[in-house]
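Undergrad: entry.cif is reproduced in full below (mmCIF, C-alpha atoms).
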```
data_upload
loop_
_atom_site.label_atom_id
_atom_site.label_comp_id
_atom_site.auth_asym_id
_atom_site.auth_seq_id
_atom_site.Cartn_x
_atom_site.Cartn_y
_atom_site.Cartn_z
CA MET H 1 -104.99 0.71 121.65
CA GLY H 2 -104.97 4.33 120.42
CA SER H 3 -101.58 5.21 121.89
CA TYR H 4 -100.06 1.87 120.84
CA CYS H 5 -100.72 2.73 117.20
CA HIS H 6 -98.30 5.64 117.54
CA ARG H 7 -95.45 3.58 118.97
CA ARG H 8 -92.54 2.55 116.79
CA TYR H 9 -90.16 -0.25 117.70
CA VAL H 10 -86.64 -0.93 116.47
CA SER H 11 -87.46 -4.63 116.16
CA LYS H 12 -90.00 -3.70 113.47
CA LEU H 13 -87.69 -1.46 111.43
CA PHE H 14 -86.57 -2.71 108.03
CA GLN H 15 -83.00 -3.28 109.21
CA ASN H 16 -80.44 -6.04 108.90
CA PHE H 17 -78.65 -5.75 112.21
CA GLY H 18 -76.51 -8.80 111.41
CA LYS H 19 -74.34 -7.03 108.85
CA LEU H 20 -70.60 -6.65 109.35
CA GLN H 21 -69.33 -3.22 110.33
CA PRO H 22 -68.52 -0.97 107.37
CA LYS H 23 -64.84 -0.75 106.58
CA ALA H 24 -62.80 2.40 106.76
CA LYS H 25 -61.97 4.34 103.62
CA GLY H 26 -59.30 2.59 101.58
CA ASP H 27 -60.18 -0.93 102.76
CA ARG H 28 -59.61 -3.33 99.85
CA ARG H 29 -62.90 -5.19 100.31
CA ALA H 30 -64.83 -1.92 100.29
CA ASN H 31 -63.11 -0.87 97.08
CA ASP H 32 -63.83 -4.24 95.48
CA ILE H 33 -67.59 -3.61 95.69
CA GLY H 34 -67.42 0.02 94.62
CA LEU H 35 -67.80 1.72 98.00
CA SER H 36 -65.71 4.70 96.97
CA CYS H 37 -67.01 7.19 99.56
CA LYS H 38 -68.16 6.91 103.15
CA SER H 39 -71.74 8.09 102.52
CA HIS H 40 -72.30 5.37 99.91
CA SER H 41 -70.96 2.73 102.30
CA LEU H 42 -72.97 4.00 105.27
CA MET H 43 -76.24 4.23 103.34
CA LEU H 44 -75.89 0.65 102.08
CA TYR H 45 -74.78 -0.74 105.43
CA ASN H 46 -77.56 0.99 107.37
CA ASP H 47 -80.30 0.06 104.88
CA ILE H 48 -80.98 3.62 103.78
CA ILE H 49 -80.65 2.54 100.15
CA ALA H 50 -80.30 -0.78 98.35
CA PRO H 51 -78.81 -1.34 94.88
CA GLY H 52 -81.32 -1.97 92.09
CA HIS H 53 -78.95 -1.89 89.12
CA ALA H 54 -75.79 -0.04 88.11
CA GLY H 55 -76.52 3.60 88.88
CA GLY H 56 -79.99 2.91 90.32
CA PHE H 57 -80.93 2.54 93.99
CA HIS H 58 -84.05 1.76 96.00
CA LEU H 59 -84.86 4.20 98.79
CA LEU H 60 -85.68 2.01 101.80
CA PRO H 61 -88.01 3.08 104.64
CA LEU H 62 -85.48 5.18 106.57
CA GLY H 63 -84.18 6.78 103.39
CA LEU H 64 -87.68 7.53 102.14
CA ARG H 65 -88.68 9.11 105.47
CA ALA H 66 -85.69 11.43 105.21
CA MET H 67 -86.56 12.22 101.58
CA GLU H 68 -90.20 12.97 102.42
CA LYS H 69 -89.05 15.47 105.05
CA LEU H 70 -86.68 17.12 102.61
CA VAL H 71 -89.52 17.32 100.07
CA LYS H 72 -91.74 18.97 102.67
CA LEU H 73 -89.04 21.55 103.43
CA VAL H 74 -88.61 22.37 99.73
CA ASP H 75 -92.38 22.45 99.11
CA ARG H 76 -92.83 24.99 101.87
CA GLU H 77 -90.28 27.38 100.40
CA MET H 78 -91.52 26.95 96.84
CA HIS H 79 -95.08 27.71 97.94
CA ASN H 80 -93.84 30.76 99.84
CA ILE H 81 -92.61 32.33 96.60
CA GLY H 82 -95.75 31.52 94.64
CA GLY H 83 -94.72 28.15 93.26
CA GLN H 84 -97.48 25.83 92.05
CA LYS H 85 -96.69 22.12 92.12
CA VAL H 86 -97.44 19.87 89.15
CA SER H 87 -96.51 16.38 88.00
CA MET H 88 -95.39 16.14 84.39
CA THR H 89 -94.97 13.08 82.20
CA THR H 90 -91.61 11.34 82.30
CA LEU H 91 -91.56 10.48 78.58
CA ALA H 92 -90.93 13.40 76.22
CA PRO H 93 -91.52 13.12 72.45
CA GLU H 94 -88.42 13.28 70.29
CA ALA H 95 -90.03 16.06 68.23
CA LEU H 96 -89.93 18.49 71.17
CA TRP H 97 -86.26 17.84 71.86
CA GLN H 98 -85.46 18.06 68.16
CA LYS H 99 -87.25 21.41 68.03
CA SER H 100 -85.15 22.81 70.88
CA GLY H 101 -81.98 21.37 69.37
CA ARG H 102 -81.15 19.31 72.43
CA TRP H 103 -81.78 15.82 71.05
CA ALA H 104 -78.43 15.77 69.26
CA ALA H 105 -76.68 17.96 71.85
CA ALA H 106 -77.54 15.61 74.73
CA GLY H 107 -76.22 12.66 72.76
CA SER H 108 -75.63 9.39 74.59
CA GLU H 109 -76.70 10.78 77.96
CA LEU H 110 -80.35 10.50 76.87
CA PHE H 111 -82.25 7.31 77.55
CA THR H 112 -84.39 6.83 74.44
CA LEU H 113 -87.05 4.36 73.36
CA LYS H 114 -89.68 3.70 70.71
CA ASP H 115 -93.32 2.82 71.22
CA ARG H 116 -95.18 0.20 69.18
CA HIS H 117 -95.87 2.81 66.51
CA GLN H 118 -92.14 3.53 66.17
CA HIS H 119 -92.50 7.00 67.71
CA ARG H 120 -89.35 7.94 69.62
CA PHE H 121 -89.21 9.37 73.13
CA CYS H 122 -86.59 10.24 75.69
CA VAL H 123 -86.87 9.51 79.40
CA SER H 124 -86.56 13.06 80.66
CA PRO H 125 -83.38 14.22 82.40
CA THR H 126 -84.90 17.72 82.53
CA HIS H 127 -88.24 19.29 81.50
CA GLU H 128 -87.72 22.64 79.75
CA GLU H 129 -89.43 21.49 76.56
CA LEU H 130 -92.48 20.00 78.27
CA PHE H 131 -93.08 22.93 80.62
CA THR H 132 -92.65 25.53 77.88
CA THR H 133 -95.06 23.62 75.64
CA LEU H 134 -97.56 23.48 78.49
CA VAL H 135 -97.51 27.25 78.95
CA ALA H 136 -97.52 27.84 75.19
CA ALA H 137 -100.85 25.99 75.05
CA LEU H 138 -102.41 28.85 77.05
CA SER H 139 -103.34 30.72 73.88
CA HIS H 140 -104.93 33.69 75.66
CA LEU H 141 -102.29 34.19 78.34
CA SER H 142 -102.33 37.78 79.60
CA TYR H 143 -99.53 39.78 81.20
CA ARG H 144 -101.77 39.98 84.28
CA GLN H 145 -101.33 36.22 84.82
CA LEU H 146 -97.55 36.47 85.02
CA PRO H 147 -95.33 35.50 86.67
CA ILE H 148 -96.11 31.79 86.45
CA ARG H 149 -93.94 29.62 88.69
CA LEU H 150 -94.46 25.89 88.18
CA TYR H 151 -92.41 23.15 89.78
CA GLN H 152 -92.31 19.43 90.38
CA ILE H 153 -90.34 16.93 92.44
CA THR H 154 -89.90 13.83 90.37
CA ARG H 155 -87.58 11.12 89.09
CA LYS H 156 -85.08 12.03 86.36
CA PHE H 157 -82.89 9.83 84.20
CA ARG H 158 -79.45 10.22 82.66
CA ASP H 159 -77.42 7.50 80.96
CA GLU H 160 -74.33 8.12 83.05
CA ARG H 161 -71.25 6.54 81.48
CA ALA H 162 -69.64 5.62 84.79
CA PRO H 163 -72.13 5.80 87.67
CA LYS H 164 -70.46 5.92 91.07
CA TYR H 165 -70.76 7.33 94.58
CA GLY H 166 -74.28 5.93 95.05
CA LEU H 167 -76.89 8.67 94.74
CA LEU H 168 -74.30 11.33 93.95
CA ARG H 169 -73.74 10.20 90.37
CA GLY H 170 -76.42 7.77 89.27
CA ARG H 171 -78.64 7.01 86.30
CA GLU H 172 -81.84 7.68 88.25
CA PHE H 173 -82.24 10.59 90.63
CA GLU H 174 -84.91 12.66 92.33
CA MET H 175 -84.99 16.34 91.45
CA LYS H 176 -86.95 19.45 92.22
CA ASP H 177 -87.20 21.53 89.05
CA MET H 178 -89.04 24.85 88.76
CA TYR H 179 -89.79 26.70 85.52
CA THR H 180 -90.80 30.34 85.64
CA PHE H 181 -92.41 32.63 83.06
CA ASP H 182 -92.24 36.42 83.35
CA THR H 183 -93.06 39.44 81.21
CA CYS H 184 -89.49 40.69 80.70
CA GLU H 185 -85.89 40.37 81.80
CA GLU H 186 -86.39 42.74 84.73
CA THR H 187 -89.25 40.76 86.29
CA ALA H 188 -87.57 37.45 85.40
CA LEU H 189 -84.51 38.52 87.38
CA GLU H 190 -86.78 39.44 90.29
CA THR H 191 -88.04 35.87 90.15
CA TYR H 192 -84.45 34.62 89.87
CA ASN H 193 -83.52 36.46 93.05
CA ALA H 194 -86.65 35.25 94.85
CA VAL H 195 -85.85 31.62 94.05
CA CYS H 196 -82.21 32.03 95.08
CA GLU H 197 -83.33 33.56 98.38
CA ALA H 198 -85.63 30.56 98.90
CA TYR H 199 -82.68 28.26 98.21
CA ASP H 200 -80.64 30.19 100.78
CA ARG H 201 -83.37 29.55 103.36
CA ILE H 202 -83.59 25.85 102.51
CA PHE H 203 -79.86 25.25 102.81
CA SER H 204 -79.58 27.41 105.92
CA ARG H 205 -82.33 25.34 107.55
CA VAL H 206 -80.43 22.14 106.75
CA GLY H 207 -77.49 23.62 108.60
CA ILE H 208 -74.52 22.52 106.47
CA GLN H 209 -72.16 25.16 105.14
CA PHE H 210 -72.91 25.82 101.48
CA VAL H 211 -71.29 27.98 98.83
CA LYS H 212 -73.11 29.82 96.04
CA VAL H 213 -70.96 30.37 92.95
CA SER H 214 -71.32 31.55 89.37
CA GLY H 215 -71.82 28.55 87.12
CA ASP H 216 -71.71 27.31 83.54
CA THR H 217 -75.06 27.28 81.70
CA GLY H 218 -74.10 24.07 79.86
CA LEU H 219 -76.70 22.10 77.91
CA ILE H 220 -79.62 23.97 79.49
CA GLY H 221 -78.32 27.31 78.23
CA GLY H 222 -79.30 30.84 79.15
CA ASP H 223 -77.57 34.05 80.12
CA LYS H 224 -77.01 33.69 83.87
CA SER H 225 -76.41 30.83 86.24
CA HIS H 226 -75.54 30.13 89.86
CA GLU H 227 -74.68 26.85 91.56
CA TYR H 228 -75.00 25.76 95.17
CA HIS H 229 -72.36 23.42 96.58
CA TYR H 230 -71.46 21.48 99.69
CA LEU H 231 -67.72 21.34 100.26
CA ALA H 232 -66.50 17.73 100.16
CA ASN H 233 -63.30 16.00 99.06
CA ILE H 234 -65.19 13.58 96.81
CA GLY H 235 -66.92 16.41 94.94
CA GLN H 236 -66.57 16.41 91.16
CA ASP H 237 -66.57 20.20 90.92
CA THR H 238 -63.75 22.55 91.82
CA ILE H 239 -64.79 25.97 93.03
CA LEU H 240 -62.71 29.11 93.31
CA TRP H 241 -63.52 30.91 96.50
CA CYS H 242 -62.21 33.93 98.35
CA GLU H 243 -64.09 35.57 101.20
CA ARG H 244 -61.95 38.72 100.97
CA CYS H 245 -62.50 39.80 97.37
CA GLY H 246 -65.77 38.04 96.61
CA VAL H 247 -64.55 35.67 93.89
CA GLN H 248 -66.93 32.70 93.87
CA MET H 249 -67.16 30.63 90.72
CA ASN H 250 -66.94 27.15 89.31
CA LYS H 251 -63.44 26.60 87.97
CA GLU H 252 -65.03 25.15 84.83
CA LEU H 253 -66.71 28.49 84.12
CA ALA H 254 -63.52 30.43 84.77
CA ALA H 255 -61.55 28.24 82.38
CA ASP H 256 -64.23 28.41 79.68
CA ASP H 257 -64.32 32.19 79.86
CA SER H 258 -60.54 32.58 80.18
CA ILE H 259 -61.00 34.59 83.37
CA LEU H 260 -59.29 32.24 85.79
CA PRO H 261 -58.01 34.39 88.69
CA SER H 262 -54.60 33.44 90.05
CA ALA H 263 -54.98 34.96 93.51
CA CYS H 264 -57.15 37.08 95.73
CA GLN H 265 -58.27 40.17 93.84
CA MET H 266 -57.84 42.42 96.89
CA SER H 267 -54.31 41.53 97.84
CA ALA H 268 -52.46 38.85 95.94
CA GLU H 269 -49.58 39.08 98.38
CA LYS H 270 -51.64 38.31 101.47
CA CYS H 271 -54.31 35.88 100.30
CA GLU H 272 -54.12 33.07 97.78
CA LEU H 273 -57.37 32.16 96.06
CA GLN H 274 -58.74 28.90 97.46
CA GLN H 275 -59.64 25.95 95.27
CA LYS H 276 -61.99 23.51 96.96
CA LYS H 277 -63.67 20.29 95.83
CA ALA H 278 -67.43 20.45 96.10
CA ILE H 279 -70.67 18.60 95.40
CA GLU H 280 -73.22 20.57 93.37
CA ILE H 281 -76.66 20.30 94.99
CA ALA H 282 -78.65 23.01 93.19
CA HIS H 283 -78.55 25.20 90.12
CA ALA H 284 -80.37 28.34 88.94
CA PHE H 285 -80.58 29.51 85.31
CA TYR H 286 -81.91 32.69 83.73
CA LEU H 287 -83.01 31.49 80.27
CA GLY H 288 -84.44 34.60 78.64
CA ASP H 289 -86.47 33.54 75.59
CA LYS H 290 -84.26 30.57 74.60
CA TYR H 291 -87.20 28.16 74.88
CA SER H 292 -90.22 30.48 74.82
CA LYS H 293 -89.24 31.75 71.37
CA VAL H 294 -88.91 28.23 69.96
CA PHE H 295 -92.17 26.91 71.45
CA LYS H 296 -94.10 30.20 71.20
CA ALA H 297 -94.79 30.59 74.91
CA SER H 298 -96.04 34.18 74.76
CA TYR H 299 -98.47 36.55 76.45
CA ARG H 300 -100.65 39.48 75.35
CA ASP H 301 -99.33 42.89 76.34
CA SER H 302 -101.35 45.54 78.21
CA ALA H 303 -102.83 46.87 74.96
CA GLY H 304 -103.99 43.38 74.05
CA ASP H 305 -102.74 43.55 70.48
CA LYS H 306 -99.20 42.15 70.71
CA GLN H 307 -97.79 38.75 71.63
CA ILE H 308 -94.49 38.88 73.55
CA ASN H 309 -92.28 35.90 74.34
CA CYS H 310 -92.10 35.06 78.04
CA SER H 311 -88.81 35.55 79.80
CA MET H 312 -87.95 32.28 81.52
CA GLY H 313 -85.86 30.77 84.29
CA CYS H 314 -85.32 27.22 85.51
CA TYR H 315 -84.18 26.10 88.95
CA GLY H 316 -83.17 22.66 90.15
CA ILE H 317 -82.32 20.96 93.44
CA GLY H 318 -80.86 17.46 93.31
CA MET H 319 -82.96 15.92 96.07
CA THR H 320 -81.35 12.47 96.31
CA ARG H 321 -77.93 14.02 95.75
CA MET H 322 -78.53 16.50 98.56
CA LEU H 323 -79.65 13.67 100.84
CA GLN H 324 -76.41 11.75 100.38
CA ALA H 325 -74.20 14.85 100.23
CA ALA H 326 -75.47 15.87 103.67
CA ILE H 327 -74.53 12.45 105.03
CA GLU H 328 -71.11 12.71 103.38
CA CYS H 329 -70.47 16.07 105.03
CA LEU H 330 -71.68 15.18 108.53
CA SER H 331 -70.88 11.50 109.09
CA THR H 332 -67.85 9.67 110.41
CA ASP H 333 -66.51 6.61 108.59
CA THR H 334 -68.69 4.29 110.71
CA GLN H 335 -71.56 6.44 112.00
CA LEU H 336 -74.37 8.09 110.08
CA ARG H 337 -75.07 11.70 110.92
CA TRP H 338 -78.14 13.49 109.58
CA PRO H 339 -79.20 17.11 109.50
CA SER H 340 -81.65 17.09 112.40
CA CYS H 341 -84.46 18.57 110.28
CA PHE H 342 -84.68 15.52 108.02
CA ALA H 343 -83.31 12.68 110.14
CA PRO H 344 -85.69 9.72 109.66
CA TYR H 345 -86.51 9.70 113.40
CA GLN H 346 -85.47 12.15 116.12
CA ILE H 347 -85.32 10.08 119.29
CA CYS H 348 -84.47 6.48 120.14
CA ILE H 349 -85.38 5.29 123.64
CA ILE H 350 -83.33 2.39 125.04
CA PRO H 351 -84.78 0.71 128.16
CA LYS H 352 -82.45 -1.34 130.34
CA LYS H 353 -82.18 -5.09 129.91
CA ASP H 354 -83.10 -6.58 133.28
CA GLY H 355 -84.19 -10.14 133.91
CA HIS H 356 -86.54 -9.22 136.75
CA ARG H 357 -87.61 -5.70 135.85
CA GLY H 358 -87.26 -5.71 132.08
CA GLU H 359 -91.00 -5.31 131.57
CA GLU H 360 -91.02 -2.29 133.89
CA PHE H 361 -88.25 -0.60 131.91
CA LEU H 362 -90.02 -1.32 128.62
CA LYS H 363 -93.32 0.00 130.00
CA ALA H 364 -91.56 3.18 131.16
CA ALA H 365 -90.08 3.60 127.68
CA GLU H 366 -93.54 3.23 126.10
CA LEU H 367 -95.01 5.86 128.42
CA ILE H 368 -92.21 8.30 127.60
CA SER H 369 -92.69 7.59 123.90
CA ASP H 370 -96.43 8.25 124.20
CA SER H 371 -95.81 11.53 126.02
CA LEU H 372 -93.19 12.82 123.57
CA SER H 373 -95.18 11.72 120.53
CA LYS H 374 -98.03 14.00 121.60
CA LEU H 375 -95.79 17.01 121.01
CA PRO H 376 -96.64 18.58 117.62
CA ASN H 377 -92.99 18.54 116.55
CA LEU H 378 -92.43 14.88 117.47
CA GLU H 379 -95.49 13.08 116.16
CA GLY H 380 -94.19 9.83 114.69
CA GLU H 381 -90.60 10.78 115.54
CA VAL H 382 -89.87 8.50 118.53
CA VAL H 383 -88.60 4.91 118.31
CA ILE H 384 -88.26 2.41 121.17
CA ASP H 385 -85.43 -0.13 121.00
CA ASP H 386 -87.38 -3.08 122.33
CA ARG H 387 -84.67 -5.69 121.74
CA MET H 388 -84.60 -6.53 125.43
CA ASN H 389 -82.24 -9.48 124.96
CA LEU H 390 -79.42 -7.01 124.18
CA THR H 391 -77.47 -4.84 126.58
CA ILE H 392 -77.90 -1.07 126.63
CA GLY H 393 -74.36 -0.72 125.27
CA ARG H 394 -75.01 -2.95 122.26
CA ARG H 395 -78.22 -1.14 121.39
CA GLN H 396 -76.57 2.24 121.89
CA VAL H 397 -73.94 1.29 119.30
CA ASP H 398 -76.71 0.50 116.79
CA SER H 399 -78.60 3.71 117.56
CA ASP H 400 -75.45 5.78 117.26
CA ARG H 401 -74.43 4.36 113.89
CA LEU H 402 -77.99 4.81 112.54
CA GLY H 403 -77.74 8.49 113.37
CA PHE H 404 -80.69 9.15 115.67
CA PRO H 405 -80.07 12.77 116.71
CA TYR H 406 -80.96 11.93 120.32
CA ILE H 407 -80.76 8.73 122.36
CA VAL H 408 -82.63 8.46 125.67
CA ILE H 409 -81.33 5.69 127.93
CA LEU H 410 -83.46 4.32 130.75
CA GLY H 411 -81.11 2.92 133.39
CA ASN H 412 -81.76 2.21 137.06
CA GLN H 413 -82.54 5.86 137.84
CA ALA H 414 -85.48 5.75 135.42
CA LEU H 415 -87.55 3.74 137.90
CA GLU H 416 -86.73 5.78 141.00
CA SER H 417 -89.29 8.01 142.73
CA GLU H 418 -87.67 11.02 141.03
CA PRO H 419 -86.66 9.46 137.72
CA LYS H 420 -83.67 10.58 135.67
CA PHE H 421 -82.93 9.70 132.05
CA GLU H 422 -79.63 9.79 130.23
CA VAL H 423 -80.04 11.96 127.09
CA ILE H 424 -77.28 11.77 124.47
CA ASP H 425 -76.84 14.33 121.69
CA THR H 426 -75.17 12.12 119.09
CA ALA H 427 -73.92 14.97 116.89
CA LYS H 428 -72.12 16.65 119.79
CA GLN H 429 -71.45 13.41 121.69
CA GLU H 430 -72.71 15.13 124.85
CA THR H 431 -74.70 13.49 127.66
CA VAL H 432 -77.11 15.19 130.08
CA PHE H 433 -79.32 13.65 132.79
CA MET H 434 -82.89 14.95 132.79
CA GLY H 435 -86.10 14.41 134.70
CA PRO H 436 -89.41 13.85 132.89
CA ASP H 437 -90.36 17.54 132.84
CA GLN H 438 -86.90 18.59 131.66
CA LEU H 439 -87.00 15.97 128.90
CA HIS H 440 -90.45 17.12 127.82
CA ASP H 441 -89.35 20.76 127.67
CA PHE H 442 -86.13 19.86 125.86
CA ALA H 443 -87.96 17.74 123.29
CA SER H 444 -90.58 20.42 122.64
CA GLN H 445 -87.80 22.75 121.44
CA MET H 446 -86.47 20.37 118.77
CA GLU H 447 -86.75 21.89 115.30
CA THR H 448 -88.06 19.05 113.19
CA ILE H 449 -90.06 18.38 110.05
CA THR H 450 -92.82 15.86 110.60
CA ILE H 451 -94.46 13.98 107.74
CA TYR H 452 -97.82 13.31 109.37
#
```
In structure tokens, what does this structure look like?
TA:
Amino acid sequence: MGSYCHRRYVSKLFQNFGKLQPKAKGDRRANDIGLSCKSHSLMLYNDIIAPGHAGGFHLLPLGLRAMEKLVKLVDREMHNIGGQKVSMTTLAPEALWQKSGRWAAAGSELFTLKDRHQHRFCVSPTHEELFTTLVAALSHLSYRQLPIRLYQITRKFRDERAPKYGLLRGREFEMKDMYTFDTCEETALETYNAVCEAYDRIFSRVGIQFVKVSGDTGLIGGDKSHEYHYLANIGQDTILWCERCGVQMNKELAADDSILPSACQMSAEKCELQQKKAIEIAHAFYLGDKYSKVFKASYRDSAGDKQINCSMGCYGIGMTRMLQAAIECLSTDTQLRWPSCFAPYQICIIPKKDGHRGEEFLKAAELISDSLSKLPNLEGEVVIDDRMNLTIGRRQVDSDRLGFPYIVILGNQALESEPKFEVIDTAKQETVFMGPDQLHDFASQMETITIY
């Protein structure tokens, strides 16, 4: 009974395997229901998300597993740089946003409401006011206690005029936001660099090419900003990028500052500056005392007789946006592809359909699942496709389009005295035959994030 509790079966997954195949980009029926990019279509079709309302989506079991792994990856890096995780209220009083001047500036993008006492609130799209007020309440804060690096991973809300592209541009979204408090600009920029280096490690671990560019400070404000992007044709940002001369910026920033380069700064004759569409997945801001001055978030200096405003930074990662952007970058029009580190499950085992020996194949699959699930990196990561009424080929199609990084097929050789299993790397579309020991060694080397 103990080992059975660790087994996972495809027949028990929250999946509608009776759906029609997703249509290719440009199909009229797909356009009619707003499937304007492949990742949106694939996530709906494969039950990763489900629509709740315009601009709002439910994360279904496979989607939530992927999100929990991404959260764990981000948590690890935030903790490594001294981040302390909190959970702040979603509702923010109007008075705080009026005090910072952002109530009017945000305009119609704010979701607002009144309580029974007619007090007004906004449903927070970002938390600068609340975090700065929290630190300001530490009336005896000393310079010795700085830097303070607080972060959360929580739901945010923005009244998007025209939500589209699923999780990429919605009214509800999951975000990691960190707010840091330092003694001065010099130490605040040290924190800024530390967070950016942590972001570099996160995105490198995910394994999709990313670009870091200078960005616009926008509504959040501040004196310095960098954005992280995945290159994608459906991206709403245009970045200027040249590996030769080092130009890397959001075109919006270049236009605002009237510094739009026309060509490579090293050799205009040999290299034209590239303009690429991209999806913004993260943003870093150096804020200075923009908020600490307003909300009196200050600390006592070394002499103990002077209050100095904290020097702040804020740092966001769009978690749900990153989830879908990764799928957009890696997938085909009809097959999901995940970064291996946060794929919902790592391995799907498909035992052969056989009228006489079907039970033997299924039993062999369960034993392999039990063995692999004992590996520290694969606990809870193996699924058995137990739909024994279907052929191997039909189940392989389902496993492939769901994006399991590895498929292990148990054919006739699996029951021989020296068994062999067909192991498919779905990302590379490569097949290798392995014995039990080879499979065990291969699986033990998989770099995964487990959530148990």
Undergrad: One decimal, Å: what's the distance from CA of Gln145 (chain H) over to CA of Cys196 (chain H), could you say?
TA: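 Taking CA of Gln145 (chain H) and CA of Cys196 (chain H), their separation equals 22.1 Å.
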Undergrad: Quick one: residues within 8 Å of region 354-370 of chain H, all atoms listed in the file counted, chain neighbours fewer than 3 positions away excluded, as a PyMOL selection string?
TA: chain H and resi 3+6-7+349-351+373-374+382-384+386+388+410+414-415
Undergrad: Looking at H:Ala54, H:Ile409, H:Val213, H:Ile81, which one is nearest to Pro163 (chain H), with distances taken over only C-alpha atoms?
TA: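 Of all the options, H:Ala54 lies closest to Pro163 (chain H).
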Undergrad: Once the PyMOL selection byres ((chain H and resi 296) around 12) is applied to the coordinates I shared, what remains selected? I want it as a PDB file with C-alpha atoms, in the frame of the given file.
TA:
```pdb
ATOM      1  CA  LYS H  99     -87.250  21.410  68.030  1.00  0.00           C
ATOM      2  CA  SER H 100     -85.150  22.810  70.880  1.00  0.00           C
ATOM      3  CA  GLU H 129     -89.430  21.490  76.560  1.00  0.00           C
ATOM      4  CA  PHE H 131     -93.080  22.930  80.620  1.00  0.00           C
ATOM      5  CA  THR H 132     -92.650  25.530  77.880  1.00  0.00           C
ATOM      6  CA  THR H 133     -95.060  23.620  75.640  1.00  0.00           C
ATOM      7  CA  LEU H 134     -97.560  23.480  78.490  1.00  0.00           C
ATOM      8  CA  VAL H 135     -97.510  27.250  78.950  1.00  0.00           C
ATOM      9  CA  ALA H 136     -97.520  27.840  75.190  1.00  0.00           C
ATOM     10  CA  ALA H 137    -100.850  25.990  75.050  1.00  0.00           C
ATOM     11  CA  LEU H 138    -102.410  28.850  77.050  1.00  0.00           C
ATOM     12  CA  SER H 139    -103.340  30.720  73.880  1.00  0.00           C
ATOM     13  CA  LEU H 141    -102.290  34.190  78.340  1.00  0.00           C
ATOM     14  CA  ASP H 289     -86.470  33.540  75.590  1.00  0.00           C
ATOM     15  CA  LYS H 290     -84.260  30.570  74.600  1.00  0.00           C
ATOM     16  CA  TYR H 291     -87.200  28.160  74.880  1.00  0.00           C
ATOM     17  CA  SER H 292     -90.220  30.480  74.820  1.00  0.00           C
ATOM     18  CA  LYS H 293     -89.240  31.750  71.370  1.00  0.00           C
ATOM     19  CA  VAL H 294     -88.910  28.230  69.960  1.00  0.00           C
ATOM     20  CA  PHE H 295     -92.170  26.910  71.450  1.00  0.00           C
ATOM     21  CA  ALA H 297     -94.790  30.590  74.910  1.00  0.00           C
ATOM     22  CA  SER H 298     -96.040  34.180  74.760  1.00  0.00           C
ATOM     23  CA  TYR H 299     -98.470  36.550  76.450  1.00  0.00           C
ATOM     24  CA  GLN H 307     -97.790  38.750  71.630  1.00  0.00           C
ATOM     25  CA  ILE H 308     -94.490  38.880  73.550  1.00  0.00           C
ATOM     26  CA  ASN H 309     -92.280  35.900  74.340  1.00  0.00           C
ATOM     27  CA  CYS H 310     -92.100  35.060  78.040  1.00  0.00           C
ATOM     28  CA  SER H 311     -88.810  35.550  79.800  1.00  0.00           C
TER      29      SER H 311
END
```
Undergrad: Restricting the calculation to only C-alpha atoms: of H:Gly313, H:Gly403, H:Gly318, H:Pro61, which residue gets closest to Cys348 (chain H)?
TA: H:Gly403
Undergrad: Selected by the PyMOL selection byres ((chain H and resi 199) around 10) in the shown coordinates: which residues, as a list in words?
TA: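 Given this file, the PyMOL selection byres ((chain H and resi 199) around 10) evaluates to Val74, Glu77, Met78, Asn193, Ala194, Val195, Cys196, Glu197, Ala198, Asp200, Arg201, Ile202, Phe203, Ser204, Arg205, Lys212, Tyr228, Ala282, His283, Ala284, Tyr315, Gly316 and Ile317 of chain H.
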Undergrad: So what do you get for CA of Ile347 (chain H) versus CA of Glu381 (chain H), distance-wise?
TA: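 About the pair CA of Ile347 (chain H) and CA of Glu381 (chain H): they are 6.5 Å apart.
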Undergrad: Just checking: using all atoms listed in the file, which residue out of H:Arg149, H:Arg76, H:His229, H:Arg8 ends up closest to Thr180 (chain H)?
TA: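 Between H:Arg149, H:Arg76, H:His229, H:Arg8, the residue approaching Thr180 (chain H) most closely is H:Arg149.
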Undergrad: Given the file shown, determine the residues that the PyMOL selection byres ((chain H and resi 106-123) around 7) selects; report them as JSON, numbers by chain.
TA: {"H": [90, 91, 92, 93, 94, 102, 103, 104, 105, 124, 125, 157, 158, 159, 160]}
Undergrad: Nearest residue to Gln209 (chain H) out of H:Tyr230, H:Ile451, H:Val397, H:Gly63, using only C-alpha atoms?
TA: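 Once distances to Gln209 (chain H) are computed over only C-alpha atoms, the minimum belongs to H:Tyr230.
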